[in-house]
file final.cif (mmCIF, C-alpha atoms)
data_query
loop_
_atom_site.group_PDB
_atom_site.id
_atom_site.type_symbol
_atom_site.label_atom_id
_atom_site.label_comp_id
_atom_site.auth_asym_id
_atom_site.auth_seq_id
_atom_site.Cartn_x
_atom_site.Cartn_y
_atom_site.Cartn_z
ATOM 1 C CA MET O 1 13.288 -20.294 -7.120
ATOM 2 C CA SER O 2 12.022 -23.674 -6.064
ATOM 3 C CA LYS O 3 8.442 -24.819 -6.501
ATOM 4 C CA HIS O 4 8.006 -24.500 -2.721
ATOM 5 C CA ASN O 5 9.102 -20.826 -2.806
ATOM 6 C CA ASP O 6 6.783 -20.167 -5.749
ATOM 7 C CA GLN O 7 3.890 -21.496 -3.670
ATOM 8 C CA ILE O 8 4.874 -19.301 -0.716
ATOM 9 C CA ALA O 9 4.961 -16.230 -2.990
ATOM 10 C CA MET O 10 1.587 -17.105 -4.512
ATOM 11 C CA THR O 11 0.068 -17.742 -1.072
ATOM 12 C CA TRP O 12 1.322 -14.357 0.134
ATOM 13 C CA ALA O 13 -0.009 -12.563 -2.988
ATOM 14 C CA ASN O 14 -3.448 -14.169 -2.625
ATOM 15 C CA GLY O 15 -3.503 -13.311 1.068
ATOM 16 C CA PHE O 16 -2.514 -9.705 0.398
ATOM 17 C CA LEU O 17 -5.371 -9.243 -2.066
ATOM 18 C CA SER O 18 -7.804 -10.960 0.310
ATOM 19 C CA LYS O 19 -6.699 -8.622 3.115
ATOM 20 C CA LEU O 20 -8.059 -5.725 1.094
ATOM 21 C CA LYS O 21 -11.486 -7.418 1.384
ATOM 22 C CA GLN O 22 -12.851 -5.804 -1.720
ATOM 23 C CA SER O 23 -13.769 -6.744 -5.238
ATOM 24 C CA PRO O 24 -11.658 -6.087 -8.327
ATOM 25 C CA ALA O 25 -14.233 -3.412 -9.276
ATOM 26 C CA ASP O 26 -13.263 -1.486 -6.145
ATOM 27 C CA LEU O 27 -9.564 -1.815 -6.913
ATOM 28 C CA GLU O 28 -10.071 -0.749 -10.509
ATOM 29 C CA GLY O 29 -11.786 2.474 -9.464
ATOM 30 C CA GLN O 30 -15.337 1.488 -10.391
ATOM 31 C CA SER O 31 -16.638 2.048 -6.869
ATOM 32 C CA ASP O 32 -16.805 5.359 -5.023
ATOM 33 C CA SER O 33 -17.351 3.800 -1.614
ATOM 34 C CA TYR O 34 -14.044 1.940 -1.136
ATOM 35 C CA ASP O 35 -11.285 3.668 0.815
ATOM 36 C CA GLY O 36 -8.410 1.328 0.055
ATOM 37 C CA ARG O 37 -5.851 4.107 0.252
ATOM 38 C CA GLN O 38 -5.841 3.822 4.058
ATOM 39 C CA ILE O 39 -4.832 0.159 3.890
ATOM 40 C CA LEU O 40 -2.245 0.930 1.231
ATOM 41 C CA LEU O 41 -0.824 3.894 3.161
ATOM 42 C CA GLU O 42 -0.456 1.672 6.234
ATOM 43 C CA GLU O 43 1.356 -0.903 4.115
ATOM 44 C CA TYR O 44 3.529 1.710 2.408
ATOM 45 C CA TYR O 45 4.609 3.376 5.659
ATOM 46 C CA ARG O 46 4.861 -0.005 7.436
ATOM 47 C CA VAL O 47 2.474 1.104 10.160
ATOM 48 C CA THR O 48 2.190 -1.930 12.409
ATOM 49 C CA PRO O 49 -0.564 -2.757 14.883
ATOM 50 C CA LYS O 50 0.556 -2.601 18.505
ATOM 51 C CA GLY O 51 -2.204 -3.864 20.751
ATOM 52 C CA ALA O 52 -5.176 -1.587 20.092
ATOM 53 C CA GLY O 53 -2.938 1.137 18.625
ATOM 54 C CA PHE O 54 -0.215 1.517 16.024
ATOM 55 C CA ASP O 55 3.562 1.623 16.008
ATOM 56 C CA VAL O 56 5.025 4.225 13.640
ATOM 57 C CA PHE O 57 8.339 5.970 14.164
ATOM 58 C CA GLY O 58 11.319 7.220 12.212
ATOM 59 C CA LEU O 59 11.101 8.385 8.616
ATOM 60 C CA PRO O 60 7.515 7.173 8.078
ATOM 61 C CA SER O 61 6.316 9.373 10.950
ATOM 62 C CA ILE O 62 8.027 12.393 9.379
ATOM 63 C CA SER O 63 6.448 11.685 5.992
ATOM 64 C CA ILE O 64 2.960 11.123 7.415
ATOM 65 C CA GLU O 65 3.114 14.344 9.451
ATOM 66 C CA LYS O 66 4.327 16.403 6.502
ATOM 67 C CA ARG O 67 1.824 14.952 4.045
ATOM 68 C CA ALA O 68 -1.092 15.245 6.543
ATOM 69 C CA ARG O 69 -0.984 19.009 5.996
ATOM 70 C CA GLU O 70 -1.332 18.526 2.229
ATOM 71 C CA CYS O 71 -3.377 15.375 1.630
ATOM 72 C CA PRO O 72 -6.740 14.348 3.127
ATOM 73 C CA ASP O 73 -5.802 10.644 3.017
ATOM 74 C CA HIS O 74 -2.678 11.251 5.096
ATOM 75 C CA GLU O 75 -4.614 13.482 7.491
ATOM 76 C CA LYS O 76 -7.156 10.690 7.986
ATOM 77 C CA LEU O 77 -4.358 8.168 8.620
ATOM 78 C CA LEU O 78 -2.666 10.470 11.134
ATOM 79 C CA ARG O 79 -5.924 11.161 12.997
ATOM 80 C CA ARG O 80 -6.720 7.431 13.110
ATOM 81 C CA ILE O 81 -3.286 6.573 14.524
ATOM 82 C CA LEU O 82 -3.404 9.409 17.078
ATOM 83 C CA SER O 83 -6.888 8.412 18.226
ATOM 84 C CA ALA O 84 -6.124 4.682 18.481
ATOM 85 C CA ASN O 85 -2.844 5.301 20.307
ATOM 86 C CA TYR O 86 -4.473 7.712 22.757
ATOM 87 C CA LYS O 87 -7.241 5.228 23.579
ATOM 88 C CA ALA O 88 -4.696 2.393 23.947
ATOM 89 C CA GLY O 89 -2.297 4.466 26.071
ATOM 90 C CA ILE O 90 0.469 4.156 23.474
ATOM 91 C CA ASN O 91 2.812 7.048 22.765
ATOM 92 C CA SER O 92 2.666 8.504 19.293
ATOM 93 C CA PRO O 93 5.804 10.014 17.762
ATOM 94 C CA ALA O 94 6.923 13.153 19.650
ATOM 95 C CA LEU O 95 7.197 14.846 16.263
ATOM 96 C CA TRP O 96 3.390 14.746 16.076
ATOM 97 C CA ASN O 97 2.843 16.741 19.304
ATOM 98 C CA ASP O 98 2.325 20.055 17.479
ATOM 99 C CA ILE O 99 -0.120 18.694 14.927
ATOM 100 C CA ALA O 100 -1.961 16.727 17.651
ATOM 101 C CA SER O 101 -2.338 19.961 19.647
ATOM 102 C CA GLU O 102 -3.674 21.764 16.574
ATOM 103 C CA ILE O 103 -6.221 18.997 16.026
ATOM 104 C CA LEU O 104 -7.340 19.051 19.687
ATOM 105 C CA LEU O 105 -7.589 22.857 19.746
ATOM 106 C CA GLY O 106 -9.448 22.920 16.435
ATOM 107 C CA THR O 107 -6.822 25.096 14.745
ATOM 108 C CA PHE O 108 -5.629 22.428 12.316
ATOM 109 C CA VAL O 109 -6.393 23.482 8.760
ATOM 110 C CA CYS O 110 -7.692 20.491 6.841
ATOM 111 C CA PRO O 111 -6.053 19.999 3.462
ATOM 112 C CA PRO O 112 -8.236 20.647 0.424
ATOM 113 C CA LYS O 113 -9.849 17.724 -1.342
ATOM 114 C CA ILE O 114 -7.713 16.514 -4.186
ATOM 115 C CA ARG O 115 -9.059 15.415 -7.531
ATOM 116 C CA ARG O 116 -9.901 11.750 -7.899
ATOM 117 C CA PRO O 117 -7.038 9.688 -9.249
ATOM 118 C CA PRO O 118 -7.298 7.791 -12.537
ATOM 119 C CA ASN O 119 -9.500 4.687 -12.352
ATOM 120 C CA THR O 120 -6.645 2.207 -12.311
ATOM 121 C CA LEU O 121 -4.422 4.083 -9.854
ATOM 122 C CA LEU O 122 -5.428 2.025 -6.817
ATOM 123 C CA ARG O 123 -4.856 -1.238 -8.688
ATOM 124 C CA ASN O 124 -1.470 0.046 -9.902
ATOM 125 C CA ILE O 125 -0.425 0.976 -6.353
ATOM 126 C CA ILE O 126 -1.325 -2.538 -5.235
ATOM 127 C CA PHE O 127 0.767 -4.005 -8.056
ATOM 128 C CA LYS O 128 3.729 -1.816 -7.022
ATOM 129 C CA LEU O 129 3.475 -2.824 -3.358
ATOM 130 C CA MET O 130 3.181 -6.483 -4.295
ATOM 131 C CA ALA O 131 6.206 -6.222 -6.608
ATOM 132 C CA ILE O 132 8.301 -4.674 -3.827
ATOM 133 C CA LYS O 133 7.400 -7.456 -1.403
ATOM 134 C CA LEU O 134 7.891 -10.260 -3.933
ATOM 135 C CA THR O 135 11.262 -9.005 -5.193
ATOM 136 C CA GLU O 136 12.862 -7.624 -2.034
ATOM 137 C CA GLU O 137 11.593 -10.028 0.592
ATOM 138 C CA MET O 138 10.867 -13.202 -1.369
ATOM 139 C CA GLY O 139 13.705 -13.023 -3.866
ATOM 140 C CA LEU O 140 11.678 -13.301 -7.060
ATOM 141 C CA ALA O 141 12.942 -11.494 -10.104
ATOM 142 C CA LEU O 142 10.664 -8.754 -11.363
ATOM 143 C CA ASN O 143 10.226 -10.336 -14.792
ATOM 144 C CA GLN O 144 11.409 -13.308 -16.855
ATOM 145 C CA ASN O 145 14.102 -11.220 -18.561
ATOM 146 C CA ASP O 146 15.903 -10.658 -15.267
ATOM 147 C CA GLU O 147 19.305 -12.293 -15.652
ATOM 148 C CA ARG O 148 19.189 -13.748 -12.129
ATOM 149 C CA ILE O 149 16.402 -16.179 -12.996
ATOM 150 C CA SER O 150 16.329 -16.501 -16.771
ATOM 151 C CA THR O 151 15.766 -20.242 -16.354
ATOM 152 C CA LYS O 152 13.208 -19.968 -13.531
ATOM 153 C CA PRO O 153 9.494 -20.407 -14.265
ATOM 154 C CA HIS O 154 8.025 -17.598 -12.121
ATOM 155 C CA SER O 155 8.595 -13.881 -11.749
ATOM 156 C CA ALA O 156 6.966 -11.281 -9.511
ATOM 157 C CA CYS O 157 4.929 -10.004 -12.485
ATOM 158 C CA LYS O 158 3.622 -13.515 -13.202
ATOM 159 C CA VAL O 159 2.705 -14.093 -9.533
ATOM 160 C CA ILE O 160 0.882 -10.731 -9.453
ATOM 161 C CA GLN O 161 -0.983 -11.585 -12.656
ATOM 162 C CA ASP O 162 -1.991 -15.060 -11.449
ATOM 163 C CA ALA O 163 -3.082 -13.799 -8.011
ATOM 164 C CA TYR O 164 -5.111 -10.948 -9.495
ATOM 165 C CA ARG O 165 -6.849 -13.294 -11.918
ATOM 166 C CA LYS O 166 -7.605 -15.710 -9.075
ATOM 167 C CA PHE O 167 -8.948 -12.715 -7.114
ATOM 168 C CA GLY O 168 -11.394 -12.158 -9.982
ATOM 169 C CA GLY O 169 -9.815 -9.166 -11.669
ATOM 170 C CA SER O 170 -8.995 -8.703 -15.294
ATOM 171 C CA ALA O 171 -5.218 -8.705 -14.976
ATOM 172 C CA PRO O 172 -3.101 -7.092 -17.662
ATOM 173 C CA SER O 173 -0.299 -9.014 -19.361
ATOM 174 C CA THR O 174 2.937 -9.539 -17.439
ATOM 175 C CA LYS O 175 4.557 -7.065 -19.831
ATOM 176 C CA ASN O 176 2.015 -4.388 -18.841
ATOM 177 C CA ILE O 177 2.354 -5.246 -15.143
ATOM 178 C CA TYR O 178 6.113 -4.755 -15.526
ATOM 179 C CA ARG O 179 5.504 -1.362 -17.157
ATOM 180 C CA ILE O 180 3.092 -0.371 -14.365
ATOM 181 C CA VAL O 181 5.463 -1.252 -11.519
ATOM 182 C CA THR O 182 8.520 0.347 -13.101
ATOM 183 C CA GLU O 183 7.051 3.601 -14.398
ATOM 184 C CA ASP O 184 7.818 6.827 -12.583
ATOM 185 C CA GLY O 185 4.287 8.141 -12.677
ATOM 186 C CA GLU O 186 2.636 10.756 -10.575
ATOM 187 C CA ASP O 187 3.154 11.070 -6.860
ATOM 188 C CA TRP O 188 0.852 8.240 -5.817
ATOM 189 C CA ILE O 189 1.556 8.198 -2.092
#
call {"tool": "encode", "arguments": {"input": "final.cif", "output": "structure tokens"}}
result
Amino acid sequence: MSKHNDQIAMTWANGFLSKLKQSPADLEGQSDSYDGRQILLEEYYRVTPKGAGFDVFGLPSISIEKRARECPDHEKLLRRILSANYKAGINSPALWNDIASEILLGTFVCPPKIRRPPNTLLRNIIFKLMAIKLTEEMGLALNQNDERISTKPHSACKVIQDAYRKFGGSAPSTKNIYRIVTEDGEDWI
């Protein structure tokens, strides 16, 4: 990884955190008012803006529709996409016709509220999304022990740590960031 590519990765990581437009306290679960899950769900399902609406098709549309019946966050995302697409005159996935009809007719049963996740869950989700982007799309190794870059100065975990510190958060060690992004924890999406 050249110094130029390291700068590109760091610029992206800083921009991603800035896009969330919140403080580290919000991301670390110390604020009840921040709804960062919507931004993260959009990122996770690769929901892309299309004019005044959204473009979402294929497997993500299936997952969102299925989870909307179980999870309030997914229901909110689905309603937001349906509403924006309707106002913009953009077709939503045909798969969503039944659930859209239920919502319009008032027969949709809202999913029950789920218990609040652990305080650091939102931050951990952000770390996982950043690690995916940095490793798959920017070619960084996940950590320094990765054989592909054993002689390279930066890893995805180091970029995440540096960006989070620059963002103002108290970032864990790169070893703990590695543990966070590789653990098979609870169903977080």
call {"tool": "resolve_selection", "arguments": {"input": "final.cif", "expression": "the PyMOL selection byres ((chain O and resi 56) around 9)", "output": "PyMOL selection string"}}
result
chain O and resi 45-48+54-55+57-61+81+92-93
call {"tool": "write_last_selection", "arguments": {"input": "final.cif", "atoms": "C-alpha atoms", "output": "mmCIF file, in the frame of the given file"}}
result
data_model
loop_
_atom_site.group_PDB
_atom_site.id
_atom_site.type_symbol
_atom_site.label_atom_id
_atom_site.label_comp_id
_atom_site.auth_asym_id
_atom_site.auth_seq_id
_atom_site.Cartn_x
_atom_site.Cartn_y
_atom_site.Cartn_z
ATOM 1 C CA TYR O 45 4.609 3.376 5.659
ATOM 2 C CA ARG O 46 4.861 -0.005 7.436
ATOM 3 C CA VAL O 47 2.474 1.104 10.160
ATOM 4 C CA THR O 48 2.190 -1.930 12.409
ATOM 5 C CA PHE O 54 -0.215 1.517 16.024
ATOM 6 C CA ASP O 55 3.562 1.623 16.008
ATOM 7 C CA PHE O 57 8.339 5.970 14.164
ATOM 8 C CA GLY O 58 11.319 7.220 12.212
ATOM 9 C CA LEU O 59 11.101 8.385 8.616
ATOM 10 C CA PRO O 60 7.515 7.173 8.078
ATOM 11 C CA SER O 61 6.316 9.373 10.950
ATOM 12 C CA ILE O 81 -3.286 6.573 14.524
ATOM 13 C CA SER O 92 2.666 8.504 19.293
ATOM 14 C CA PRO O 93 5.804 10.014 17.762
#
call {"tool": "residues_around", "arguments": {"input": "final.cif", "residues": "Arg179 of chain O", "least_positions_apart": "2", "cutoff": "12 Å", "atoms": "all atoms listed in the file", "output": "PyMOL selection string"}}
result
chain O and resi 124+127-128+131+142-143+157+172-177+181-185
call {"tool": "write_last_selection", "arguments": {"input": "final.cif", "atoms": "C-alpha atoms", "output": "short mmCIF file (atom, residue, chain, number, x, y, z; two decimals), in the frame of the given file"}}
result
data_model
loop_
_atom_site.label_atom_id
_atom_site.label_comp_id
_atom_site.auth_asym_id
_atom_site.auth_seq_id
_atom_site.Cartn_x
_atom_site.Cartn_y
_atom_site.Cartn_z
CA ASN O 124 -1.47 0.05 -9.90
CA PHE O 127 0.77 -4.00 -8.06
CA LYS O 128 3.73 -1.82 -7.02
CA ALA O 131 6.21 -6.22 -6.61
CA LEU O 142 10.66 -8.75 -11.36
CA ASN O 143 10.23 -10.34 -14.79
CA CYS O 157 4.93 -10.00 -12.48
CA PRO O 172 -3.10 -7.09 -17.66
CA SER O 173 -0.30 -9.01 -19.36
CA THR O 174 2.94 -9.54 -17.44
CA LYS O 175 4.56 -7.06 -19.83
CA ASN O 176 2.02 -4.39 -18.84
CA ILE O 177 2.35 -5.25 -15.14
CA VAL O 181 5.46 -1.25 -11.52
CA THR O 182 8.52 0.35 -13.10
CA GLU O 183 7.05 3.60 -14.40
CA ASP O 184 7.82 6.83 -12.58
CA GLY O 185 4.29 8.14 -12.68
#
call {"tool": "atom_distance", "arguments": {"input": "final.cif", "atom1": "atom CA of Lys50 of chain O", "atom2": "atom CA of Gln7 of chain O"}}
result
29.3 Å
call {"tool": "atom_distance", "arguments": {"input": "final.cif", "atom1": "atom CA of Ser170 of chain O", "atom2": "atom CA of Met138 of chain O"}}
result
24.7 Å
call {"tool": "atom_distance", "arguments": {"input": "final.cif", "atom1": "atom CA of His154 of chain O", "atom2": "atom CA of Lys166 of chain O"}}
result
16.0 Å
call {"tool": "residues_around", "arguments": {"input": "final.cif", "residues": "Asp73 of chain O", "least_positions_apart": "5", "cutoff": "9 Å", "atoms": "all atoms listed in the file", "output": "number ranges by chain"}}
result
O: 37-38, 41, 67-68, 78
call {"tool": "axis_aligned_box", "arguments": {"input": "final.cif", "around": "segment 93-101 of chain O", "padding_each_side": "5 Å", "output": "JSON"}}
result
{"center_x": 2.4, "center_y": 15.0, "center_z": 17.3, "size_x": 19.5, "size_y": 20.0, "size_z": 14.7}
call {"tool": "closest_residue", "arguments": {"input": "final.cif", "among": "O:Ala156, O:Ala52, O:Val109, O:Leu140", "to": "Gly89 of chain O", "atoms": "only C-alpha atoms"}}
result
O:Ala52
